[in-house]
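As stored in start-v3.cif (mmCIF, C-alpha atoms):
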data_target
loop_
_atom_site.label_atom_id
_atom_site.label_comp_id
_atom_site.auth_asym_id
_atom_site.auth_seq_id
_atom_site.Cartn_x
_atom_site.Cartn_y
_atom_site.Cartn_z
CA MET A 25 75.08 75.69 80.16
CA SER A 26 78.60 75.71 81.63
CA LEU A 27 79.06 77.01 85.13
CA PRO A 28 81.12 80.21 85.52
CA LEU A 29 84.55 79.79 87.06
CA VAL A 30 84.81 81.30 90.54
CA SER A 31 88.18 82.36 91.92
CA ILE A 32 88.43 82.17 95.70
CA VAL A 33 91.36 84.47 96.43
CA ILE A 34 93.05 84.37 99.83
CA PRO A 35 95.58 87.15 100.56
CA SER A 36 97.49 85.64 103.47
CA TYR A 37 99.77 86.80 106.26
CA LYS A 38 98.56 85.18 109.48
CA ALA A 39 99.00 81.41 109.79
CA GLY A 40 97.10 80.95 113.07
CA HIS A 41 93.70 80.07 111.59
CA PHE A 42 94.73 79.69 107.96
CA GLU A 43 94.10 75.95 107.57
CA GLN A 44 90.49 76.31 108.74
CA CYS A 45 90.08 79.17 106.29
CA LEU A 46 91.53 77.16 103.42
CA ARG A 47 89.46 74.07 104.21
CA SER A 48 86.29 76.18 104.11
CA ALA A 49 87.23 77.24 100.57
CA ILE A 50 87.99 73.68 99.50
CA GLY A 51 84.73 72.45 101.05
CA GLN A 52 82.42 74.61 98.91
CA THR A 53 79.48 72.81 97.29
CA TYR A 54 79.94 74.80 94.08
CA PRO A 55 81.99 72.60 91.73
CA HIS A 56 83.80 75.03 89.41
CA ILE A 57 86.32 76.97 91.50
CA GLU A 58 89.99 77.82 91.63
CA ILE A 59 91.59 78.59 94.99
CA MET A 60 94.46 81.07 94.90
CA VAL A 61 96.63 81.82 97.93
CA SER A 62 98.86 84.89 97.92
CA ASP A 63 101.30 84.33 100.78
CA ASN A 64 103.06 87.16 102.63
CA CYS A 65 103.60 85.20 105.86
CA PRO A 66 107.08 85.82 107.37
CA THR A 67 107.42 82.08 108.03
CA GLU A 68 106.92 78.97 105.87
CA GLU A 69 103.75 77.90 107.69
CA ILE A 70 101.21 78.93 105.04
CA LYS A 71 103.34 77.46 102.26
CA GLN A 72 103.57 74.15 104.13
CA ILE A 73 99.82 74.02 104.67
CA CYS A 74 99.10 74.74 101.00
CA ALA A 75 101.52 72.00 99.94
CA ARG A 76 99.14 69.42 101.43
CA PHE A 77 96.32 70.47 99.09
CA PRO A 78 97.22 69.97 95.41
CA GLN A 79 94.13 71.85 94.17
CA VAL A 80 95.44 75.12 95.66
CA ILE A 81 97.27 77.62 93.44
CA TYR A 82 100.02 79.04 95.63
CA GLN A 83 102.17 82.10 95.08
CA ARG A 84 104.68 83.80 97.33
CA ASN A 85 104.02 87.55 97.36
CA PRO A 86 106.31 90.23 98.85
CA ALA A 87 103.47 92.79 98.79
CA VAL A 88 101.99 93.73 102.17
CA ARG A 89 98.51 94.63 103.43
CA ASN A 90 96.35 96.25 100.74
CA GLN A 91 98.92 95.61 98.02
CA ASN A 92 98.64 91.90 98.75
CA VAL A 93 94.84 92.19 98.47
CA LEU A 94 95.16 93.97 95.13
CA SER A 95 97.61 91.39 93.82
CA SER A 96 95.26 88.57 94.84
CA LEU A 97 92.20 90.12 93.22
CA TYR A 98 93.88 90.98 89.94
CA SER A 99 95.52 87.55 89.64
CA ALA A 100 92.14 85.82 89.54
CA LYS A 101 91.11 84.08 86.32
CA GLY A 102 87.47 83.40 87.20
CA ASP A 103 84.42 85.19 85.83
CA LEU A 104 83.45 85.79 89.45
CA ILE A 105 85.78 86.50 92.36
CA LYS A 106 85.23 85.53 95.99
CA PRO A 107 87.72 87.17 98.38
CA LEU A 108 88.48 85.40 101.64
CA PHE A 109 90.76 86.70 104.38
CA ASP A 110 93.19 84.28 106.00
CA ASP A 111 91.43 83.76 109.33
CA ASP A 112 87.81 83.97 108.15
CA ILE A 113 85.58 81.03 107.17
CA LEU A 114 83.01 80.47 104.42
CA HIS A 115 79.76 78.59 104.85
CA PRO A 116 79.80 75.50 102.55
CA PHE A 117 76.96 76.97 100.44
CA CYS A 118 78.47 80.47 100.23
CA VAL A 119 79.80 80.37 96.66
CA GLU A 120 76.81 78.39 95.35
CA ARG A 121 74.32 80.91 96.76
CA MET A 122 76.24 83.93 95.50
CA VAL A 123 76.76 82.53 92.01
CA ALA A 124 73.03 81.83 91.72
CA THR A 125 72.32 85.45 92.60
CA MET A 126 74.84 86.80 90.09
CA HIS A 127 73.38 84.57 87.36
CA MET A 128 69.82 85.59 88.21
CA ALA A 129 70.56 89.35 88.11
CA PRO A 130 73.19 90.37 85.51
CA GLU A 131 72.84 94.04 86.52
CA VAL A 132 74.21 93.17 89.99
CA GLN A 133 77.91 93.99 90.26
CA LEU A 134 78.41 93.01 93.89
CA VAL A 135 76.77 90.44 96.18
CA PHE A 136 77.09 90.46 99.94
CA SER A 137 75.47 88.53 102.75
CA ALA A 138 74.75 88.47 106.43
CA SER A 139 77.68 87.18 108.45
CA GLU A 140 78.69 85.98 111.88
CA VAL A 141 81.54 87.16 114.08
CA ILE A 142 83.41 84.24 115.65
CA ASN A 143 86.08 84.05 118.32
CA VAL A 144 89.23 81.97 118.65
CA GLN A 145 87.20 78.86 119.57
CA ASN A 146 84.92 79.29 116.50
CA GLU A 147 82.06 80.34 118.80
CA ARG A 148 79.56 82.82 117.37
CA THR A 149 79.65 86.12 119.21
CA GLU A 150 77.62 88.44 116.96
CA THR A 151 75.28 88.23 113.98
CA ARG A 152 75.63 91.02 111.44
CA ARG A 153 72.40 91.41 109.50
CA PRO A 154 71.99 94.88 107.94
CA TYR A 155 68.59 93.98 106.41
CA GLN A 156 65.84 91.54 107.33
CA VAL A 157 65.16 90.24 103.80
CA SER A 158 67.20 89.48 100.70
CA GLY A 159 66.99 91.95 97.84
CA SER A 160 68.60 94.24 95.30
CA LEU A 161 69.46 97.89 95.83
CA PRO A 162 71.22 100.55 93.74
CA GLY A 163 74.90 100.93 94.51
CA ARG A 164 74.53 104.67 95.04
CA GLU A 165 71.83 104.09 97.66
CA MET A 166 74.18 101.83 99.57
CA GLN A 167 76.86 104.51 99.29
CA ARG A 168 74.44 107.07 100.71
CA SER A 169 73.55 104.74 103.59
CA MET A 170 77.19 104.16 104.46
CA MET A 171 78.08 107.84 104.32
CA LEU A 172 75.05 109.14 106.20
CA GLY A 173 75.47 106.46 108.88
CA MET A 174 79.30 106.53 108.77
CA ARG A 175 79.19 102.77 108.92
CA ASN A 176 80.21 99.89 106.67
CA PHE A 177 76.97 97.95 106.25
CA ILE A 178 78.56 95.40 103.91
CA GLY A 179 81.40 94.16 106.08
CA GLU A 180 84.87 92.90 105.19
CA PHE A 181 85.97 91.46 101.84
CA SER A 182 85.17 87.91 103.00
CA SER A 183 81.45 88.76 102.83
CA ILE A 184 81.31 89.73 99.12
CA MET A 185 81.48 88.34 95.58
CA LEU A 186 82.26 90.52 92.55
CA ARG A 187 82.52 90.34 88.78
CA ARG A 188 86.03 90.16 87.35
CA GLU A 189 85.00 92.25 84.34
CA ARG A 190 83.90 95.11 86.61
CA LEU A 191 87.08 94.81 88.69
CA TRP A 192 89.18 95.43 85.58
CA GLU A 193 86.94 98.31 84.48
CA VAL A 194 87.74 100.04 87.75
CA GLY A 195 91.44 99.11 87.61
CA PRO A 196 94.02 98.55 90.37
CA LEU A 197 95.04 102.21 90.57
CA ARG A 198 91.49 103.36 91.30
CA LEU A 199 89.97 100.53 93.32
CA PHE A 200 90.91 101.93 96.75
CA HIS A 201 90.45 105.60 95.73
CA TYR A 202 87.27 107.61 95.51
CA GLY A 203 87.20 111.05 93.96
CA GLY A 204 90.39 112.76 95.07
CA HIS A 205 90.84 110.68 98.21
CA ASP A 206 93.09 107.66 98.74
CA CYS A 207 91.52 105.15 101.16
CA SER A 208 94.25 102.52 100.94
CA LYS A 209 95.39 103.12 104.54
CA GLY A 210 91.92 102.94 106.05
CA LEU A 211 88.58 102.23 104.39
CA ALA A 212 89.96 100.48 101.32
CA ASP A 213 87.05 98.04 101.43
CA VAL A 214 84.41 100.78 101.48
CA ALA A 215 86.05 102.62 98.59
CA ALA A 216 86.23 99.36 96.65
CA TYR A 217 82.53 98.64 97.21
CA ILE A 218 81.58 102.13 96.02
CA ASN A 219 83.71 101.75 92.90
CA LEU A 220 82.65 98.20 92.09
CA ALA A 221 78.94 98.87 92.46
CA GLY A 222 79.19 102.17 90.58
CA ASP A 223 75.88 103.05 88.96
CA GLY A 224 74.84 99.39 88.98
CA HIS A 225 73.15 97.33 91.65
CA MET A 226 74.15 95.29 94.67
CA PHE A 227 72.33 92.28 96.10
CA TYR A 228 72.03 91.33 99.75
CA ILE A 229 71.53 87.68 100.72
CA ASP A 230 69.91 87.33 104.12
CA GLU A 231 71.85 84.21 105.11
CA GLU A 232 75.00 83.97 107.23
CA LEU A 233 77.39 82.85 104.50
CA SER A 234 80.70 83.94 106.03
CA TYR A 235 82.32 84.06 109.45
CA PHE A 236 84.58 86.96 110.42
CA ARG A 237 87.11 86.02 113.07
CA HIS A 238 87.81 88.50 115.85
CA ASP A 239 91.15 87.56 117.40
CA GLN A 240 93.02 90.56 118.79
CA ARG A 241 96.11 88.45 119.42
CA LEU A 242 96.82 88.41 115.69
CA GLU A 243 97.95 91.15 113.35
CA SER A 244 94.87 92.56 111.65
CA ASN A 245 93.72 95.84 110.18
CA SER A 246 90.97 95.84 112.81
CA ASN A 247 93.50 95.61 115.65
CA PRO A 248 94.72 99.13 116.63
CA LYS A 249 97.65 97.69 118.57
CA VAL A 250 99.38 96.46 115.41
CA ASN A 251 97.87 98.62 112.66
CA PRO A 252 99.71 101.97 112.48
CA ASN A 253 97.05 103.29 110.11
CA PHE A 254 94.06 102.44 112.31
CA GLY A 255 93.05 106.11 112.65
CA TYR A 256 92.33 106.28 108.93
CA CYS A 257 89.42 103.88 109.52
CA PHE A 258 87.70 106.87 111.14
CA SER A 259 89.05 109.80 109.13
CA ASP A 260 88.27 108.16 105.79
CA TYR A 261 84.54 108.27 106.56
CA ILE A 262 84.78 112.06 106.75
CA ASP A 263 86.77 112.34 103.54
CA LEU A 264 84.50 109.89 101.70
CA ALA A 265 81.47 111.92 102.77
CA ILE A 266 83.08 115.06 101.33
CA GLU A 267 83.91 113.27 98.08
CA SER A 268 80.38 111.83 97.90
CA GLN A 269 78.96 115.35 98.12
CA ILE A 270 81.33 116.56 95.41
CA ALA A 271 80.18 113.64 93.23
CA GLY A 272 76.52 114.54 93.81
CA VAL A 273 75.67 111.40 95.79
CA LEU A 274 75.00 113.54 98.87
CA ASN A 275 73.69 117.08 98.80
CA ILE A 276 75.31 119.88 100.75
CA ASN A 277 72.62 119.88 103.45
CA GLU A 278 73.10 116.15 104.03
CA LEU A 279 76.82 116.72 104.41
CA ARG A 280 76.19 119.61 106.79
CA ALA A 281 73.93 117.39 108.89
CA LEU A 282 76.93 115.12 109.57
CA VAL A 283 78.86 117.91 111.31
CA PRO A 284 77.69 117.13 114.88
CA MET A 285 78.67 113.47 114.46
CA VAL A 286 82.03 114.42 112.94
CA ASP A 287 82.76 117.03 115.61
CA ASP A 288 81.94 114.54 118.37
CA MET A 289 84.15 111.86 116.82
CA THR A 290 86.96 114.38 116.43
CA ALA A 291 86.72 115.54 120.03
CA ARG A 292 87.07 111.94 121.21
CA LEU A 293 89.77 110.73 118.85
CA HIS A 294 91.93 113.54 117.48
CA ARG A 295 94.55 113.41 120.26
CA VAL A 296 95.22 109.74 119.51
CA PHE A 297 94.53 109.90 115.76
CA PRO A 298 95.49 113.35 114.42
CA MET A 299 94.28 112.45 110.92
CA VAL A 300 90.70 112.58 112.26
CA GLY A 301 91.16 116.23 113.21
CA GLN A 302 92.67 116.99 109.82
CA SER A 303 89.71 115.44 108.01
CA CYS A 304 87.28 117.30 110.26
CA GLU A 305 88.99 120.56 109.35
CA ARG A 306 88.71 119.67 105.66
CA MET A 307 84.98 119.16 106.08
CA HIS A 308 84.52 122.54 107.76
CA GLN A 309 86.60 124.24 105.07
CA HIS A 310 84.60 122.53 102.33
CA LEU A 311 81.29 123.62 103.86
CA ALA A 312 82.56 127.17 104.38
CA ALA A 313 83.62 127.34 100.72
CA ALA A 314 80.21 126.03 99.65
CA ASP A 315 78.47 128.65 101.81
CA ALA A 316 80.67 131.40 100.37
CA ALA A 317 79.96 130.27 96.82
CA GLY A 318 76.24 130.17 97.57
CA ALA A 319 76.30 133.65 99.03
CA ALA A 320 78.20 135.00 96.03
CA GLY A 321 75.73 133.37 93.69
CA ALA A 322 72.78 134.87 95.53
CA ALA A 323 74.21 138.40 95.53
CA PRO A 324 72.46 140.81 93.10
#

Translate this file's structure into structure tokens.
Amino acid sequence: MSLPLVSIVIPSYKAGHFEQCLRSAIGQTYPHIEIMVSDNCPTEEIKQICARFPQVIYQRNPAVRNQNVLSSLYSAKGDLIKPLFDDDILHPFCVERMVATMHMAPEVQLVFSASEVINVQNERTETRRPYQVSGSLPGREMQRSMMLGMRNFIGEFSSIMLRRERLWEVGPLRLFHYGGHDCSKGLADVAAYINLAGDGHMFYIDEELSYFRHDQRLESNSNPKVNPNFGYCFSDYIDLAIESQIAGVLNINELRALVPMVDDMTARLHRVFPMVGQSCERMHQHLAAADAAGAAGAAP
């Protein structure tokens, strides 16, 4: 049986650690891959690095941030897609392990793994292991866990593999949206995971198969000093929780139970990130409307 083609897609902007990132893609043990680099670097550095590796498919892309990610994902030709950010690193067995899981469980739409945080010197600083054993779980259960904990248990795009067919079912206009909320400025990854998993399953591999680099000197969505939209990384959790309740993934009492956490977060952050206060107000308005509707329905 022929092996499925895997597209390793690398939306790129930062050149500082890019060659290490690229070499980790080239060094995968899985034999049937294409490596696609979408370059938005303001200099020629990434282009020059790619020129030394003839197996790399290079394209210059004027799109920035999430638009560059979208362009990379939807340019992939493989049956399976492995995103990789430009300063992260893959374990040599990463693609091989994830492909085996996808092949074993066709109902799984998204695979993710444990990961390590590394610093500038490639030293491990933190292990991220949301579960203690490998296993499958419904996508909606993962959504509930993320909303009720207001935490991304999966991690960044470098920690996942997805099916190209499912990506196109969702479509580029909807990937970073959930319900009526646009997450493209903040939790685009969380919205994408919710949409890609859908009513299917996800699979967690309890091995550190990717390495997320924490380097605050570089421009990154996780660096508040250079990301003007950093506040949306907090406010989007509130809006996604509201949309999850509207979709029936959470019930109204579960949403109401998040109010103390949301109010505390708002008290701490709203002066710096006004969008957090706006989302908090939306939650209170939504709950008040639900209470009013319940009272009207209970009236004789």

Starting from the displayed file, determine the output of the PyMOL selection byres ((chain A and resi 134-140) around 7) and express the residue list as a PyMOL selection string. chain A and resi 122+132-133+141-142+148+150-153+178+183-186+220-221+226-236

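Using only C-alpha atoms, the smallest distance between any of A:Met60, A:Val157, A:Met126, A:Val273 and Pro35 of chain A comes from A:Met60.
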
List the spatial neighbours of Val93 of chain A as JSON, numbers by chain - criterion: any atom at most 12 Å away, only C-alpha atoms, same-chain residues fewer than 5 positions off excluded. {"A": [33, 34, 35, 36, 37, 60, 61, 62, 63, 64, 85, 86, 87, 88, 98, 99, 100, 106, 107, 108, 109, 110, 181, 182, 196, 199, 200, 208, 212, 213, 216]}

Please build the interface table for segment 201-240 of chain A against segment 268-272 of chain A with a cut-off of 12 Å, listing for each qualifying residue the nearest atom pair and the distance in Å to one decimal; count all atoms listed in the file, order rows by chain and increasing number, and write it as a Markdown table.
| residue | atom | partner | partner_atom | distance |
| --- | --- | --- | --- | --- |
| A:Tyr202 | CA | A:Ser268 | CA | 8.4 |
| A:Gly203 | CA | A:Ala271 | CA | 7.5 |
| A:Gly204 | CA | A:Ile270 | CA | 9.8 |
| A:His205 | CA | A:Ser268 | CA | 10.5 |
| A:Ala215 | CA | A:Ser268 | CA | 10.8 |
| A:Ile218 | CA | A:Ser268 | CA | 10.0 |
| A:Asn219 | CA | A:Ser268 | CA | 11.7 |
| A:Gly222 | CA | A:Ala271 | CA | 11.8 |

With only C-alpha atoms counted and 12 Å as the cut-off, give the residues of segment 196-294 of chain A in contact with segment 307-313 of chain A, each with its shortest interatomic distance in Å and the pair that gives it, as a Markdown table.
| residue | atom | partner | partner_atom | distance |
| --- | --- | --- | --- | --- |
| A:Ser259 | CA | A:Met307 | CA | 10.7 |
| A:Asp260 | CA | A:Met307 | CA | 11.5 |
| A:Tyr261 | CA | A:Met307 | CA | 10.9 |
| A:Ile262 | CA | A:Met307 | CA | 7.1 |
| A:Asp263 | CA | A:Met307 | CA | 7.5 |
| A:Leu264 | CA | A:Met307 | CA | 10.3 |
| A:Ala265 | CA | A:Met307 | CA | 8.7 |
| A:Ile266 | CA | A:Met307 | CA | 6.6 |
| A:Glu267 | CA | A:Met307 | CA | 10.0 |
| A:Ser268 | CA | A:Met307 | CA | 11.9 |
| A:Gln269 | CA | A:His310 | CA | 10.1 |
| A:Ile270 | CA | A:His310 | CA | 9.7 |
| A:Asn275 | CA | A:Leu311 | CA | 11.2 |
| A:Ile276 | CA | A:Leu311 | CA | 7.7 |
| A:Asn277 | CA | A:Leu311 | CA | 9.5 |
| A:Glu278 | CA | A:Leu311 | CA | 11.1 |
| A:Leu279 | CA | A:Leu311 | CA | 8.2 |
| A:Arg280 | CA | A:Leu311 | CA | 7.1 |
| A:Ala281 | CA | A:Leu311 | CA | 10.9 |
| A:Leu282 | CA | A:Met307 | CA | 9.7 |
| A:Val283 | CA | A:His308 | CA | 8.1 |
| A:Pro284 | CA | A:His308 | CA | 11.3 |
| A:Met285 | CA | A:Met307 | CA | 11.9 |
| A:Val286 | CA | A:Met307 | CA | 8.8 |
| A:Asp287 | CA | A:His308 | CA | 9.8 |
| A:Thr290 | CA | A:Met307 | CA | 11.6 |

Using only C-alpha atoms, can you tell me which of A:Ser169, A:Gln91, A:Asn176, A:Gln145 comes closest to His41 of chain A? A:Gln145

Point (80.2, 75.2, 84.4) neighbourhood (10 Å, all atoms listed in the file) written as number ranges by chain: A: 25-30, 54-57

Can you tell me which residues surround Asp111 of chain A at a distance of at most 8 Å, considering all atoms listed in the file, apart from same-chain residues fewer than 6 positions away, and format the answer as a short mmCIF file (atom, residue, chain, number, x, y, z; two decimals) with C-alpha atoms, in the coordinates of the input?
data_model
loop_
_atom_site.label_atom_id
_atom_site.label_comp_id
_atom_site.auth_asym_id
_atom_site.auth_seq_id
_atom_site.Cartn_x
_atom_site.Cartn_y
_atom_site.Cartn_z
CA LYS A 38 98.56 85.18 109.48
CA ALA A 39 99.00 81.41 109.79
CA GLY A 40 97.10 80.95 113.07
CA HIS A 41 93.70 80.07 111.59
CA PHE A 42 94.73 79.69 107.96
CA GLN A 44 90.49 76.31 108.74
CA CYS A 45 90.08 79.17 106.29
CA PHE A 236 84.58 86.96 110.42
CA ARG A 237 87.11 86.02 113.07
#

From atom CA of Pro116 of chain A to atom CA of Gln72 of chain A the spacing works out at 23.9 Å

As an mmCIF file, in the coordinates of the input, please: segment 253-266 of chain A completed to N, CA and C atoms.
data_model
loop_
_atom_site.group_PDB
_atom_site.id
_atom_site.type_symbol
_atom_site.label_atom_id
_atom_site.label_comp_id
_atom_site.auth_asym_id
_atom_site.auth_seq_id
_atom_site.Cartn_x
_atom_site.Cartn_y
_atom_site.Cartn_z
ATOM 1 N N ASN A 253 97.963 102.437 110.876
ATOM 2 C CA ASN A 253 97.050 103.290 110.110
ATOM 3 C C ASN A 253 95.610 103.199 110.616
ATOM 4 N N PHE A 254 95.413 102.689 111.818
ATOM 5 C CA PHE A 254 94.060 102.440 112.310
ATOM 6 C C PHE A 254 93.206 103.709 112.325
ATOM 7 N N GLY A 255 93.804 104.856 112.595
ATOM 8 C CA GLY A 255 93.050 106.110 112.650
ATOM 9 C C GLY A 255 92.373 106.461 111.345
ATOM 10 N N TYR A 256 92.939 105.991 110.232
ATOM 11 C CA TYR A 256 92.330 106.280 108.930
ATOM 12 C C TYR A 256 90.977 105.571 108.770
ATOM 13 N N CYS A 257 90.729 104.540 109.579
ATOM 14 C CA CYS A 257 89.420 103.880 109.520
ATOM 15 C C CYS A 257 88.310 104.820 109.972
ATOM 16 N N PHE A 258 88.673 105.849 110.731
ATOM 17 C CA PHE A 258 87.700 106.870 111.140
ATOM 18 C C PHE A 258 87.745 108.075 110.205
ATOM 19 N N SER A 259 88.944 108.569 109.929
ATOM 20 C CA SER A 259 89.050 109.800 109.130
ATOM 21 C C SER A 259 88.561 109.601 107.696
ATOM 22 N N ASP A 260 88.706 108.390 107.166
ATOM 23 C CA ASP A 260 88.270 108.160 105.790
ATOM 24 C C ASP A 260 86.768 108.318 105.622
ATOM 25 N N TYR A 261 85.981 108.036 106.667
ATOM 26 C CA TYR A 261 84.540 108.270 106.560
ATOM 27 C C TYR A 261 84.247 109.745 106.284
ATOM 28 N N ILE A 262 84.989 110.619 106.955
ATOM 29 C CA ILE A 262 84.780 112.060 106.750
ATOM 30 C C ILE A 262 85.153 112.447 105.337
ATOM 31 N N ASP A 263 86.308 111.984 104.876
ATOM 32 C CA ASP A 263 86.770 112.340 103.540
ATOM 33 C C ASP A 263 85.888 111.725 102.454
ATOM 34 N N LEU A 264 85.402 110.507 102.674
ATOM 35 C CA LEU A 264 84.500 109.890 101.700
ATOM 36 C C LEU A 264 83.169 110.623 101.642
ATOM 37 N N ALA A 265 82.709 111.138 102.775
ATOM 38 C CA ALA A 265 81.470 111.920 102.770
ATOM 39 C C ALA A 265 81.658 113.202 101.952
ATOM 40 N N ILE A 266 82.795 113.849 102.121
ATOM 41 C CA ILE A 266 83.080 115.060 101.330
ATOM 42 C C ILE A 266 83.104 114.717 99.851
#
